[in-house]
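Chemist: Below you'll find start18.cif; it's mmCIF, C-alpha atoms and all ligand atoms.
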data_coords
loop_
_atom_site.label_atom_id
_atom_site.label_comp_id
_atom_site.auth_asym_id
_atom_site.auth_seq_id
_atom_site.Cartn_x
_atom_site.Cartn_y
_atom_site.Cartn_z
CA MET A 772 91.38 118.49 92.22
CA THR A 773 89.92 121.95 92.91
CA GLU A 774 90.50 124.94 90.59
CA ARG A 775 92.92 126.37 93.15
CA ASP A 776 94.88 123.08 93.17
CA ARG A 777 95.00 123.06 89.38
CA THR A 778 96.57 126.50 89.14
CA ALA A 779 98.97 126.14 92.10
CA ALA A 780 100.08 122.56 91.52
CA LEU A 781 103.07 121.26 89.63
CA ARG A 782 103.63 117.70 88.41
CA ALA A 783 107.15 116.90 89.56
CA VAL A 784 109.22 113.74 89.38
CA GLY A 785 111.74 113.08 92.12
CA THR A 786 114.63 110.62 92.17
CA MET A 787 116.68 108.83 94.80
CA SER A 788 119.83 106.81 94.37
CA GLY A 789 120.25 105.54 97.92
CA THR A 790 123.15 104.44 100.07
CA SER A 791 122.45 100.76 99.32
CA LEU A 792 123.66 101.43 95.74
CA ASP A 793 120.98 99.12 94.32
CA GLY A 794 119.57 101.52 91.75
CA VAL A 795 117.56 104.67 91.09
CA ASP A 796 113.93 105.20 92.14
CA ALA A 797 111.78 107.81 90.43
CA ALA A 798 108.27 108.90 91.41
CA GLU A 799 105.83 111.63 90.44
CA VAL A 800 103.97 113.86 92.88
CA VAL A 801 101.41 116.55 92.10
CA THR A 802 101.84 119.25 94.75
CA ASP A 803 101.81 122.97 95.40
CA GLY A 804 104.83 122.46 97.67
CA GLU A 805 102.62 122.35 100.74
CA ARG A 806 99.88 119.75 100.24
CA ILE A 807 100.22 116.49 98.38
CA ILE A 808 97.47 116.63 95.77
CA ALA A 809 98.17 113.29 94.08
CA PHE A 810 100.77 110.61 93.67
CA GLY A 811 101.71 109.62 90.11
CA PRO A 812 103.64 106.86 88.34
CA THR A 813 106.86 105.35 89.69
CA ALA A 814 109.77 103.49 88.10
CA TYR A 815 113.06 101.87 89.07
CA ARG A 816 116.33 101.46 87.19
CA PRO A 817 118.81 99.07 88.85
CA TYR A 818 122.53 99.64 88.54
CA SER A 819 124.35 96.82 86.74
CA THR A 820 127.01 94.94 88.69
CA GLY A 821 129.72 96.84 86.80
CA GLU A 822 128.09 100.22 87.50
CA ARG A 823 127.71 99.37 91.16
CA GLU A 824 131.40 98.52 91.42
CA VAL A 825 132.35 101.93 90.03
CA LEU A 826 129.99 103.64 92.50
CA ARG A 827 131.22 101.57 95.42
CA ALA A 828 134.84 102.40 94.54
CA ALA A 829 134.00 106.11 94.70
CA LEU A 830 132.33 105.96 98.14
CA GLY A 831 134.02 108.35 100.52
CA CYS A 832 135.45 110.45 97.66
CA TRP A 833 135.09 114.19 97.15
CA PRO A 834 134.83 116.12 93.86
CA GLY A 835 138.10 116.05 91.95
CA GLU A 836 139.27 112.77 93.49
CA PRO A 837 139.91 109.69 91.32
CA GLY A 838 136.84 107.72 90.35
CA VAL A 839 134.34 110.50 91.02
CA ASP A 840 133.86 111.59 87.40
CA ALA A 841 133.23 107.99 86.32
CA ALA A 842 130.70 107.58 89.13
CA ALA A 843 128.95 110.85 88.24
CA ALA A 844 128.71 109.80 84.57
CA ILE A 845 126.99 106.55 85.61
CA VAL A 846 124.60 108.38 87.92
CA GLU A 847 123.68 110.88 85.20
CA ARG A 848 123.22 108.20 82.53
CA ALA A 849 121.01 106.05 84.76
CA HIS A 850 118.86 109.04 85.70
CA ALA A 851 118.56 110.28 82.11
CA GLU A 852 117.37 106.83 80.99
CA LEU A 853 114.86 106.55 83.81
CA LEU A 854 113.55 110.12 83.64
CA ALA A 855 112.94 109.88 79.90
CA ARG A 856 109.94 107.71 80.90
CA PHE A 857 108.35 110.65 82.78
CA GLY A 858 107.37 112.85 79.85
CA ALA A 859 104.44 114.45 81.69
CA ALA A 860 106.49 115.83 84.58
CA GLU A 861 107.09 119.59 84.42
CA LEU A 862 109.89 119.62 86.99
CA ILE A 863 112.60 117.19 88.13
CA GLY A 864 113.94 116.84 91.68
CA PHE A 865 117.33 115.11 91.32
CA HIS A 866 119.02 113.98 94.54
CA GLY A 867 122.06 112.27 92.98
CA GLN A 868 124.19 109.64 94.69
CA THR A 869 125.75 110.51 98.03
CA LEU A 870 129.40 109.51 97.89
CA ALA A 871 130.60 111.29 101.02
CA HIS A 872 129.01 113.25 103.83
CA ASP A 873 130.96 115.13 106.50
CA PRO A 874 128.78 118.00 107.73
CA ARG A 875 130.82 118.41 110.94
CA GLY A 876 134.18 118.74 109.20
CA ARG A 877 135.82 115.71 110.81
CA THR A 878 138.03 115.10 107.76
CA GLY A 879 138.45 118.62 106.42
CA PRO A 880 135.98 121.37 105.60
CA ARG A 881 132.29 120.74 106.42
CA ARG A 882 130.85 119.29 103.23
CA THR A 883 128.57 116.75 101.56
CA HIS A 884 128.92 115.24 98.11
CA GLN A 885 126.13 113.98 95.87
CA ALA A 886 127.47 112.76 92.51
CA GLY A 887 125.68 113.85 89.35
CA ASN A 888 125.24 117.29 87.82
CA GLY A 889 121.64 118.54 87.50
CA ALA A 890 122.60 121.06 84.81
CA HIS A 891 123.67 118.17 82.54
CA LEU A 892 120.32 116.44 83.17
CA ALA A 893 118.32 119.61 82.52
CA ARG A 894 119.99 119.89 79.09
CA ALA A 895 119.59 116.18 78.32
CA LEU A 896 115.91 116.12 79.29
CA GLY A 897 114.87 119.64 78.23
CA ARG A 898 113.23 120.34 81.58
CA PRO A 899 114.14 122.30 84.73
CA VAL A 900 115.99 120.30 87.36
CA VAL A 901 116.27 121.11 91.06
CA TRP A 902 119.39 119.46 92.53
CA ASP A 903 122.23 119.81 95.06
CA PHE A 904 119.65 119.85 97.83
CA ARG A 905 122.07 119.40 100.73
CA SER A 906 125.07 121.74 100.19
CA SER A 907 123.59 125.04 101.30
CA ASP A 908 122.23 123.48 104.49
CA VAL A 909 125.73 122.21 105.34
CA GLU A 910 127.28 125.57 104.39
CA MET A 911 124.87 127.26 106.80
CA GLY A 912 125.96 124.93 109.62
CA GLY A 913 123.31 122.21 109.27
CA GLU A 914 123.73 118.45 108.96
CA GLY A 915 122.46 118.49 105.34
CA ALA A 916 120.33 115.45 106.22
CA PRO A 917 117.77 114.11 106.65
CA LEU A 918 115.73 116.12 104.13
CA ALA A 919 112.63 113.93 103.82
CA PRO A 920 111.06 115.20 107.11
CA PHE A 921 109.05 118.09 105.61
CA PHE A 922 107.62 115.58 103.14
CA HIS A 923 106.85 113.15 105.97
CA PHE A 924 104.78 115.92 107.53
CA ALA A 925 102.85 116.33 104.26
CA CYS A 926 102.33 112.54 104.15
CA ALA A 927 100.84 112.56 107.66
CA LYS A 928 98.40 115.28 106.57
CA TRP A 929 97.63 113.43 103.34
CA ALA A 930 96.83 110.29 105.36
CA GLY A 931 94.50 112.29 107.62
CA LEU A 932 96.50 111.59 110.82
CA THR A 933 95.65 113.71 113.86
CA ALA A 934 98.20 112.59 116.48
CA PRO A 935 102.02 112.41 116.58
CA VAL A 936 103.55 109.49 114.68
CA ALA A 937 107.02 108.51 113.51
CA PHE A 938 108.14 107.83 109.95
CA LEU A 939 111.12 105.50 110.02
CA ASN A 940 113.24 104.95 106.92
CA LEU A 941 115.28 101.74 107.00
CA GLY A 942 117.68 102.11 104.08
CA GLY A 943 121.45 101.62 104.20
CA VAL A 944 121.33 104.09 107.08
CA GLY A 945 118.22 104.58 109.24
CA ASN A 946 116.48 107.91 109.77
CA VAL A 947 113.36 108.86 111.65
CA THR A 948 110.97 111.81 111.61
CA TRP A 949 108.66 112.47 114.52
CA VAL A 950 105.68 114.38 113.10
CA ASP A 951 102.87 116.28 114.81
CA PRO A 952 100.18 116.68 112.14
CA ARG A 953 98.15 119.00 114.40
CA ARG A 954 100.59 121.81 113.47
CA PRO A 955 99.77 123.97 110.45
CA GLY A 956 102.85 123.19 108.36
CA PRO A 957 106.22 121.40 108.52
CA GLU A 958 108.08 124.62 109.29
CA ALA A 959 105.84 125.46 112.27
CA ALA A 960 107.32 125.17 115.77
CA GLY A 961 106.90 121.65 117.16
CA ALA A 962 105.83 120.09 113.85
CA VAL A 963 108.79 117.76 113.18
CA LEU A 964 111.92 116.39 114.78
CA ALA A 965 114.24 114.29 112.63
CA PHE A 966 117.63 112.59 112.68
CA ASP A 967 119.59 109.59 111.48
CA THR A 968 119.15 106.69 113.90
CA GLY A 969 122.21 104.57 113.05
CA PRO A 970 123.36 101.99 110.53
CA ALA A 971 120.41 99.95 109.23
CA ASN A 972 120.86 97.61 106.23
CA ALA A 973 124.35 98.65 105.10
CA PRO A 974 126.35 96.50 107.59
CA ILE A 975 124.01 93.53 107.05
CA ASN A 976 124.42 93.78 103.27
CA ASP A 977 128.20 94.08 103.65
CA LEU A 978 128.26 90.98 105.87
CA MET A 979 126.10 88.97 103.45
CA MET A 980 128.30 89.95 100.50
CA ARG A 981 131.57 89.26 102.28
CA ARG A 982 130.61 85.91 103.76
CA LEU A 983 128.00 84.44 101.43
CA GLY A 984 128.21 86.45 98.20
CA ARG A 985 124.57 87.50 98.61
CA GLU A 986 123.15 91.03 98.31
CA ARG A 987 121.06 90.95 101.50
CA ASP A 988 119.54 88.83 104.26
CA GLU A 989 116.26 88.08 102.50
CA ASP A 990 113.35 88.75 104.89
CA GLY A 991 115.85 88.62 107.77
CA ALA A 992 115.83 84.80 107.59
CA LEU A 993 119.51 84.31 108.46
CA ALA A 994 119.25 86.74 111.40
CA ALA A 995 116.15 84.90 112.64
CA SER A 996 118.19 81.69 112.87
CA GLY A 997 121.04 83.22 114.89
CA ARG A 998 121.71 84.42 118.43
CA ILE A 999 122.38 88.04 119.35
CA ASP A 1000 125.84 88.61 120.85
CA ALA A 1001 125.05 90.81 123.86
CA PRO A 1002 128.58 92.21 124.42
CA VAL A 1003 128.81 93.38 120.79
CA LEU A 1004 125.32 94.91 120.98
CA ASN A 1005 126.03 96.66 124.28
CA ARG A 1006 129.37 98.03 123.10
CA PHE A 1007 127.69 99.34 119.95
CA LEU A 1008 124.95 101.03 122.01
CA SER A 1009 127.55 102.73 124.21
CA ASN A 1010 128.61 104.88 121.24
CA PRO A 1011 127.91 108.52 122.25
CA TYR A 1012 126.09 109.11 118.94
CA PHE A 1013 122.93 107.52 120.33
CA ARG A 1014 122.77 109.80 123.38
CA ARG A 1015 123.58 112.95 121.41
CA MET A 1016 120.57 115.24 121.08
CA PRO A 1017 119.22 115.52 117.53
CA PRO A 1018 119.50 116.79 114.87
CA LYS A 1019 122.35 114.53 113.79
CA SER A 1020 123.28 112.64 110.65
CA LEU A 1021 125.58 109.83 109.56
CA ASP A 1022 127.69 108.78 106.62
CA ARG A 1023 127.13 105.25 105.26
CA ASN A 1024 130.40 103.96 106.67
CA ASP A 1025 130.40 105.78 110.02
CA PHE A 1026 129.99 102.50 111.91
CA HIS A 1027 132.31 100.44 109.69
CA ASP A 1028 134.07 98.94 112.75
CA LEU A 1029 130.83 97.12 113.60
CA LEU A 1030 131.57 94.50 110.94
CA ARG A 1031 134.95 93.81 112.51
CA ARG A 1032 133.30 93.22 115.89
CA VAL A 1033 131.17 90.35 114.53
CA GLU A 1034 134.10 88.71 112.72
CA GLY A 1035 134.40 85.86 115.25
CA LEU A 1036 130.68 85.00 115.14
CA SER A 1037 128.96 82.45 112.91
CA ASP A 1038 127.12 83.82 109.85
CA ALA A 1039 123.73 83.49 111.57
CA ASP A 1040 124.89 85.02 114.89
CA ALA A 1041 126.63 87.88 113.05
CA ALA A 1042 123.46 88.62 111.06
CA ALA A 1043 121.33 88.41 114.21
CA THR A 1044 123.68 90.78 116.04
CA LEU A 1045 123.86 93.36 113.23
CA THR A 1046 120.07 93.27 112.89
CA ALA A 1047 119.69 93.77 116.64
CA CYS A 1048 122.14 96.71 116.47
CA ALA A 1049 120.02 98.35 113.76
CA ALA A 1050 116.79 97.79 115.71
CA ALA A 1051 118.23 98.92 119.05
CA SER A 1052 119.70 102.09 117.56
CA VAL A 1053 116.28 102.95 116.15
CA THR A 1054 114.49 102.54 119.46
CA ALA A 1055 117.29 104.36 121.34
CA GLY A 1056 116.49 107.25 118.99
CA PHE A 1057 112.83 107.24 120.05
CA GLU A 1058 113.97 108.45 123.50
CA HIS A 1059 114.56 111.85 121.88
CA PHE A 1060 110.94 112.34 120.76
CA PRO A 1061 109.30 115.41 122.32
CA GLU A 1062 106.23 113.30 123.14
CA PRO A 1063 105.47 109.65 122.44
CA ALA A 1064 104.49 108.67 118.90
CA GLN A 1065 101.25 106.73 118.55
CA ALA A 1066 102.67 104.47 115.86
CA VAL A 1067 105.78 103.95 113.76
CA TYR A 1068 105.34 103.79 109.98
CA VAL A 1069 108.29 102.20 108.25
CA THR A 1070 109.57 102.94 104.76
CA GLY A 1071 112.63 101.68 102.85
CA GLY A 1072 113.82 98.14 102.19
CA GLY A 1073 114.24 97.29 105.87
CA ARG A 1074 110.46 97.13 106.29
CA LEU A 1075 110.70 93.83 104.36
CA ASN A 1076 113.12 92.40 106.93
CA ALA A 1077 110.70 90.63 109.28
CA THR A 1078 113.38 90.05 111.93
CA MET A 1079 114.33 93.73 112.07
CA MET A 1080 110.68 94.84 112.14
CA GLY A 1081 109.87 92.36 114.92
CA GLU A 1082 112.79 93.51 117.05
CA ILE A 1083 111.91 97.17 116.67
CA ALA A 1084 108.30 96.44 117.71
CA GLN A 1085 109.43 94.37 120.66
CA ARG A 1086 111.85 97.01 121.89
CA CYS A 1087 109.53 100.03 121.63
CA ALA A 1088 106.11 98.59 122.50
CA LEU A 1089 104.45 100.74 119.82
CA PRO A 1090 102.52 99.62 116.75
CA VAL A 1091 105.14 99.26 113.98
CA ALA A 1092 103.76 98.94 110.45
CA PRO A 1093 104.93 99.50 106.88
CA VAL A 1094 103.85 102.84 105.37
CA GLU A 1095 101.63 100.82 103.05
CA ASP A 1096 99.19 100.74 106.01
CA LEU A 1097 98.68 104.47 105.35
CA GLY A 1098 98.28 103.94 101.60
CA LEU A 1099 101.85 105.12 100.89
CA ASP A 1100 104.55 103.38 98.82
CA GLY A 1101 107.51 102.34 100.97
CA ASP A 1102 109.75 101.72 97.95
CA MET A 1103 109.23 105.22 96.61
CA LEU A 1104 108.77 107.56 99.55
CA GLU A 1105 112.27 109.08 99.28
CA ALA A 1106 111.96 109.68 95.54
CA GLN A 1107 108.55 111.28 96.16
CA ALA A 1108 110.18 113.43 98.86
CA PHE A 1109 112.56 114.95 96.30
CA ALA A 1110 109.67 115.68 93.92
CA TYR A 1111 107.90 117.49 96.75
CA LEU A 1112 111.07 119.33 97.83
CA ALA A 1113 111.79 120.38 94.23
CA VAL A 1114 108.42 122.14 94.09
CA ARG A 1115 109.11 123.77 97.46
CA VAL A 1116 112.42 125.10 96.09
CA THR A 1117 110.74 126.64 93.03
CA ARG A 1118 108.12 128.23 95.32
CA GLY A 1119 110.76 129.69 97.65
CA LEU A 1120 109.58 127.52 100.58
CA PRO A 1121 112.07 126.14 103.13
CA THR A 1122 113.29 122.55 102.80
CA SER A 1123 115.01 122.16 106.18
CA GLY A 1124 115.22 123.85 109.55
CA PRO A 1125 116.60 123.70 113.08
CA THR A 1126 114.62 120.57 114.02
CA THR A 1127 115.44 118.56 110.88
CA THR A 1128 119.09 119.27 110.07
CA GLY A 1129 120.03 121.63 112.90
CA VAL A 1130 120.61 124.50 110.46
CA PRO A 1131 120.26 127.70 112.54
CA ALA A 1132 117.21 129.00 110.63
CA LEU A 1133 114.71 127.66 108.09
CA ILE A 1134 116.36 127.50 104.67
CA GLY A 1135 115.49 126.47 101.14
CA GLY A 1136 118.31 124.42 99.64
CA GLY A 1137 118.82 123.29 96.07
CA GLN A 1138 119.98 124.79 92.81
CA ILE A 1139 117.61 125.22 89.87
CA SER A 1140 119.05 124.44 86.42
CA THR A 1141 117.05 125.21 83.29
CA PRO A 1142 117.62 123.52 79.93
CA HIS A 1143 119.04 126.62 78.18
N1 LIG B 1 113.06 91.40 101.16
C1 LIG B 1 114.04 92.00 101.87
N2 LIG B 1 114.53 91.40 102.95
C2 LIG B 1 115.52 91.95 103.69
N3 LIG B 1 116.07 93.14 103.41
C3 LIG B 1 115.60 93.80 102.34
C4 LIG B 1 114.57 93.27 101.51
N4 LIG B 1 114.35 94.15 100.51
C5 LIG B 1 115.21 95.17 100.69
N5 LIG B 1 115.97 94.96 101.78
C6 LIG B 1 117.05 95.80 102.31
O1 LIG B 1 116.78 97.14 102.01
C7 LIG B 1 117.87 97.72 101.27
C8 LIG B 1 117.37 98.72 100.29
O2 LIG B 1 116.65 99.68 101.00
P1 LIG B 1 116.40 101.11 100.39
O3 LIG B 1 116.20 100.99 98.92
O4 LIG B 1 115.37 101.74 101.23
O5 LIG B 1 117.82 101.77 100.68
P2 LIG B 1 118.47 103.05 100.08
O6 LIG B 1 117.40 104.01 99.62
O7 LIG B 1 119.50 102.65 99.12
O8 LIG B 1 119.20 103.63 101.36
P3 LIG B 1 119.11 105.07 102.08
O9 LIG B 1 117.70 105.33 102.46
O10 LIG B 1 120.03 104.86 103.25
O11 LIG B 1 119.67 106.03 101.08
C9 LIG B 1 118.54 96.54 100.61
O12 LIG B 1 119.89 96.82 100.35
C10 LIG B 1 118.37 95.45 101.65
O13 LIG B 1 119.38 95.52 102.61
C1 LIG B 2 123.76 112.40 103.20
C2 LIG B 2 122.71 111.46 102.72
O1 LIG B 2 122.56 111.21 101.53
N1 LIG B 2 121.93 110.92 103.66
C3 LIG B 2 120.84 110.01 103.33
C4 LIG B 2 121.19 108.61 103.85
O2 LIG B 2 120.13 107.70 103.59
C5 LIG B 2 119.28 107.69 104.73
C6 LIG B 2 119.86 108.72 105.64
O3 LIG B 2 121.24 108.65 105.26
C7 LIG B 2 119.34 110.15 105.34
O4 LIG B 2 120.03 111.06 106.15
C8 LIG B 2 119.59 110.60 103.92
O5 LIG B 2 118.55 110.34 103.02
C9 LIG B 2 117.20 110.67 103.22
C10 LIG B 2 116.46 110.51 101.94
C11 LIG B 2 116.92 112.08 103.71
O6 LIG B 2 117.68 113.00 103.46
O7 LIG B 2 115.85 112.26 104.31
#
Would you mind writing the structure in this file as structure tokens?

Modeler:
Amino acid sequence: MTERDRTAALRAVGTMSGTSLDGVDAAEVVTDGERIIAFGPTAYRPYSTGEREVLRAALGCWPGEPGVDAAAAIVERAHAELLARFGAAELIGFHGQTLAHDPRGRTGPRRTHQAGNGAHLARALGRPVVWDFRSSDVEMGGEGAPLAPFFHFACAKWAGLTAPVAFLNLGGVGNVTWVDPRRPGPEAAGAVLAFDTGPANAPINDLMMRRLGRERDEDGALAASGRIDAPVLNRFLSNPYFRRMPPKSLDRNDFHDLLRRVEGLSDADAAATLTACAAASVTAGFEHFPEPAQAVYVTGGGRLNATMMGEIAQRCALPVAPVEDLGLDGDMLEAQAFAYLAVRVTRGLPTSGPTTTGVPALIGGGQISTPH
């Protein structure tokens, strides 16, 4: 670390409680809000079965609705326990748990809802907390998601890349960032283009739970043993979402009718078909890239699903590899993103813009809560 790095840098810990509802990730990043200077320790705190049930029951709910306070209390408790292990971090970037997301106002006002109050955490942990990262973007007319893209740009620089690549996150929902690391910064014209690709693991997990009482299709083994139902896949791909120009974002349950469409199929064929839907929606998204990516680096749990990874590679004819190939941590990239974004917020730097969330101008989201 140079002297300049030492004075400009902050040690921040970021957290992510993702749409899969499996638990909370936390990861430290040392950064000045522009460059990644170092990655620090990481930790994970799973939700118990009982906690997960409370969170699941609150999915789709807005503040003030039944079940939301109980969900928020669980989110805050889990984060407080986990973050207590990060005594060296000077700043916390707290994403919270998305319960509902409707940036286009299809069900009422345009809004997004991440459970958990950062002011409570700041008091509990005695450190400043940046939180509520998405609301101001939505208020300004943006999608409020995805927010990791500016961090993906910093990752490409950190890895020394010199040509456009894609970072693909395969969580409950999929999202992709096309990055041109030849640009000076993430906010520069032509540096990033990002959007949600479609449902990724969420429908597969729901199928596994409903039919077999299992959390997921381990390594994509069940899907590998089944046959893809072409009519279901083609009908899914005819959804106008895939042709819509980015930016665009999704709620976890936006494609909930997909599960109904595979009802008549065997377990293996249903898993194969849902996996193909996830892969095909990803590669349909690549059509929107401003110029071809040289490679696709995959983060999130879906990178461990060999069937999904194989189908994406087959459909796009690009090298598709886990982000570990760049020296990054695919389990923690989103948590690291919120550490990085928290520092950007404290430095007054933008966290989203027209090519990431579609917000009309670059904006810095997030509230800062101090302990006192
Ligand atoms: N070994 C594996 N085989 C198959 N699928 C896996 C494996 N490990 C994880 N997954 C899938 O990845 C999911 C978790 O991914 P991840 O933690 O990236 O999601 P998330 O952060 O909750 O979601 P999002 O990014 O949408 O908020 C699991 O629910 C499961 O579906
Ligand atoms: C509203 C919301 O929480 N969206 C999540 C979700 O999970 C994946 C995808 O949908 C992405 O849009 C986003 O998370 C990542 C971290 C993001 O904002 O970049």

Chemist: So which one's closest to Asp951 (chain A), A:Pro880, A:Pro920, A:Gly1071, A:Gly804? Using all atoms listed in the file, please.

Modeler: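 For Asp951 (chain A), the nearest of the candidates is A:Pro920.
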
Chemist: Distance limit 6 Å, reference ligand LIG 1 (chain B), atoms considered: all atoms listed in the file. Which residues make the cut? Give them as a PyMOL selection string.

Modeler: chain A and resi 789-792+941-944+972+976+987-991+1071-1073+1075-1076

Chemist: Can you tell me how far CA of Asn1010 (chain A) sits from atom C2 of ligand LIG 2 (chain B), in Å to one decimal?

Modeler: 20.5 Å

Chemist: Could you work out an axis-aligned box for ligand LIG 2 (chain B), taking every atom the file lists and adding 5 Å on each side, and report centre and edge lengths in Å to one decimal, as lines of an AutoDock Vina configuration file?

Modeler:
center_x = 119.8
center_y = 110.3
center_z = 103.8
size_x = 17.9
size_y = 15.3
size_z = 14.6

Chemist: Using only C-alpha atoms and all ligand atoms, which residues have at least one atom no more than 9 Å from ligand LIG 2 (chain B)? Output them as an MDAnalysis selection string.

Modeler: chainID A and resid 787:791 866:874 883:885 905 914:920 922 940:948 965:970 1019:1023 1104:1106 1108:1109

Chemist: What's the 10 Å shell around Gly838 (chain A), counting only C-alpha atoms, without same-chain residues fewer than 4 positions away, as a list in words?

Modeler: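 My list of contacting residues is Val825, Leu826, Arg827, Ala828, Ala829, Leu830, Cys832, Trp833, Pro834, Ala842 and Ala843 of chain A.
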
Chemist: Enter the distance from CA of Ala992 (chain A) to CA of Met980 (chain A), in Å, rounded to one decimal.

Modeler: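 About the pair CA of Ala992 (chain A) and CA of Met980 (chain A): they are 15.2 Å apart.
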
Chemist: Please report the interatomic distance between CA of Asp977 (chain A) and CA of Ala995 (chain A) in Å with one decimal.

Modeler: 17.6 Å

Chemist: Tell me which of A:Leu983, A:Ser1009, A:Thr1078, A:Ala1064 sits closest to Gly997 (chain A), counting all atoms listed in the file.

Modeler: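 Selected residue with least distance to Gly997 (chain A): A:Thr1078.
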
Chemist: For each of A:Gly1136, A:Leu1112, A:Asp903, A:Glu910, take the minimum atom-to-atom distance to Arg881 (chain A), counting all atoms listed in the file, then give the residue where this is smallest.

Modeler: A:Glu910

Chemist: Which residue is closest to Asp1000 (chain A)? Choose from A:Pro1142, A:Gly984, A:Pro1017, A:Gly1035 and count only C-alpha atoms.

Modeler: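 When distances to Asp1000 (chain A) are compared using only C-alpha atoms, the smallest one comes from A:Gly1035.
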
Chemist: Find the residue from A:Thr1126, A:Arg1115, A:Ala895, A:Ile1139 that sits nearest to Asp803 (chain A); use only C-alpha atoms when measuring.

Modeler: A:Arg1115

Chemist: Extract, using all atoms listed in the file, all DNA, RNA and protein residues at most 9 Å from Ser1140 (chain A), discarding same-chain residues fewer than 4 positions from it, and format them as a ChimeraX atom specification.

Modeler: /A:889-894,898-902

Chemist: Counting all atoms listed in the file, which residues sit no farther than 9 Å from the position (127.7, 99.8, 83.2) in the file's frame? I'd like them as an NGL selection string.

Modeler: :A and (818-823 or 825 or 845)

Chemist: Using C-alpha atoms, can you export the residues from the last selection as a compact mmCIF listing (two decimals), keeping the file's coordinate frame?

Modeler:
# COMPACT_ATOMS: atom_id res chain seq x y z
CA TYR A 818 122.53 99.64 88.54
CA SER A 819 124.35 96.82 86.74
CA THR A 820 127.01 94.94 88.69
CA GLY A 821 129.72 96.84 86.80
CA GLU A 822 128.09 100.22 87.50
CA ARG A 823 127.71 99.37 91.16
CA VAL A 825 132.35 101.93 90.03
CA ILE A 845 126.99 106.55 85.61

Chemist: Give me the region 1038-1071 of chain A side of the contact with region 928-935 of chain A, cut-off 10 Å, one line per residue showing its nearest atom pair and distance in Å at one decimal, counting all atoms listed in the file, sorted by chain and residue number, as JSON lines.

Modeler:
{"residue": "A:Phe1060", "atom": "CA", "partner": "A:Pro935", "partner_atom": "CA", "distance": 9.9}
{"residue": "A:Pro1061", "atom": "CA", "partner": "A:Pro935", "partner_atom": "CA", "distance": 9.7}
{"residue": "A:Glu1062", "atom": "CA", "partner": "A:Pro935", "partner_atom": "CA", "distance": 7.8}
{"residue": "A:Pro1063", "atom": "CA", "partner": "A:Pro935", "partner_atom": "CA", "distance": 7.3}
{"residue": "A:Ala1064", "atom": "CA", "partner": "A:Pro935", "partner_atom": "CA", "distance": 5.0}
{"residue": "A:Gln1065", "atom": "CA", "partner": "A:Pro935", "partner_atom": "CA", "distance": 6.1}
{"residue": "A:Ala1066", "atom": "CA", "partner": "A:Pro935", "partner_atom": "CA", "distance": 8.0}
{"residue": "A:Val1067", "atom": "CA", "partner": "A:Pro935", "partner_atom": "CA", "distance": 9.7}

Chemist: Quick one: residues within 12 Å of Glu861 (chain A), only C-alpha atoms counted, chain neighbours fewer than 5 positions away excluded, as an MDAnalysis selection string?

Modeler: chainID A and resid 780:785 799:802 854 893 896:901 1110 1113:1114 1117 1141

Chemist: Residues of the last selection are to be written out with C-alpha atoms, as a tab-separated table (two decimals), in the coordinates of the input.

Modeler:
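Ended up saving to selection_11.tsv:
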chain	number	residue	atom	x	y	z
A	780	ALA	CA	100.08	122.56	91.52
A	781	LEU	CA	103.07	121.26	89.63
A	782	ARG	CA	103.63	117.70	88.41
A	783	ALA	CA	107.15	116.90	89.56
A	784	VAL	CA	109.22	113.74	89.38
A	785	GLY	CA	111.74	113.08	92.12
A	799	GLU	CA	105.83	111.63	90.44
A	800	VAL	CA	103.97	113.86	92.88
A	801	VAL	CA	101.41	116.55	92.10
A	802	THR	CA	101.84	119.25	94.75
A	854	LEU	CA	113.55	110.12	83.64
A	893	ALA	CA	118.32	119.61	82.52
A	896	LEU	CA	115.91	116.12	79.29
A	897	GLY	CA	114.87	119.64	78.23
A	898	ARG	CA	113.23	120.34	81.58
A	899	PRO	CA	114.14	122.30	84.73
A	900	VAL	CA	115.99	120.30	87.36
A	901	VAL	CA	116.27	121.11	91.06
A	1110	ALA	CA	109.67	115.68	93.92
A	1113	ALA	CA	111.79	120.38	94.23
A	1114	VAL	CA	108.42	122.14	94.09
A	1117	THR	CA	110.74	126.64	93.03
A	1141	THR	CA	117.05	125.21	83.29

Chemist: Tell me which of A:Ala925, A:Met911, A:Ala962, A:Ala1055 sits closest to Glu805 (chain A), counting all atoms listed in the file.

Modeler: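 That would be A:Ala925, the residue with the smallest distance to Glu805 (chain A).
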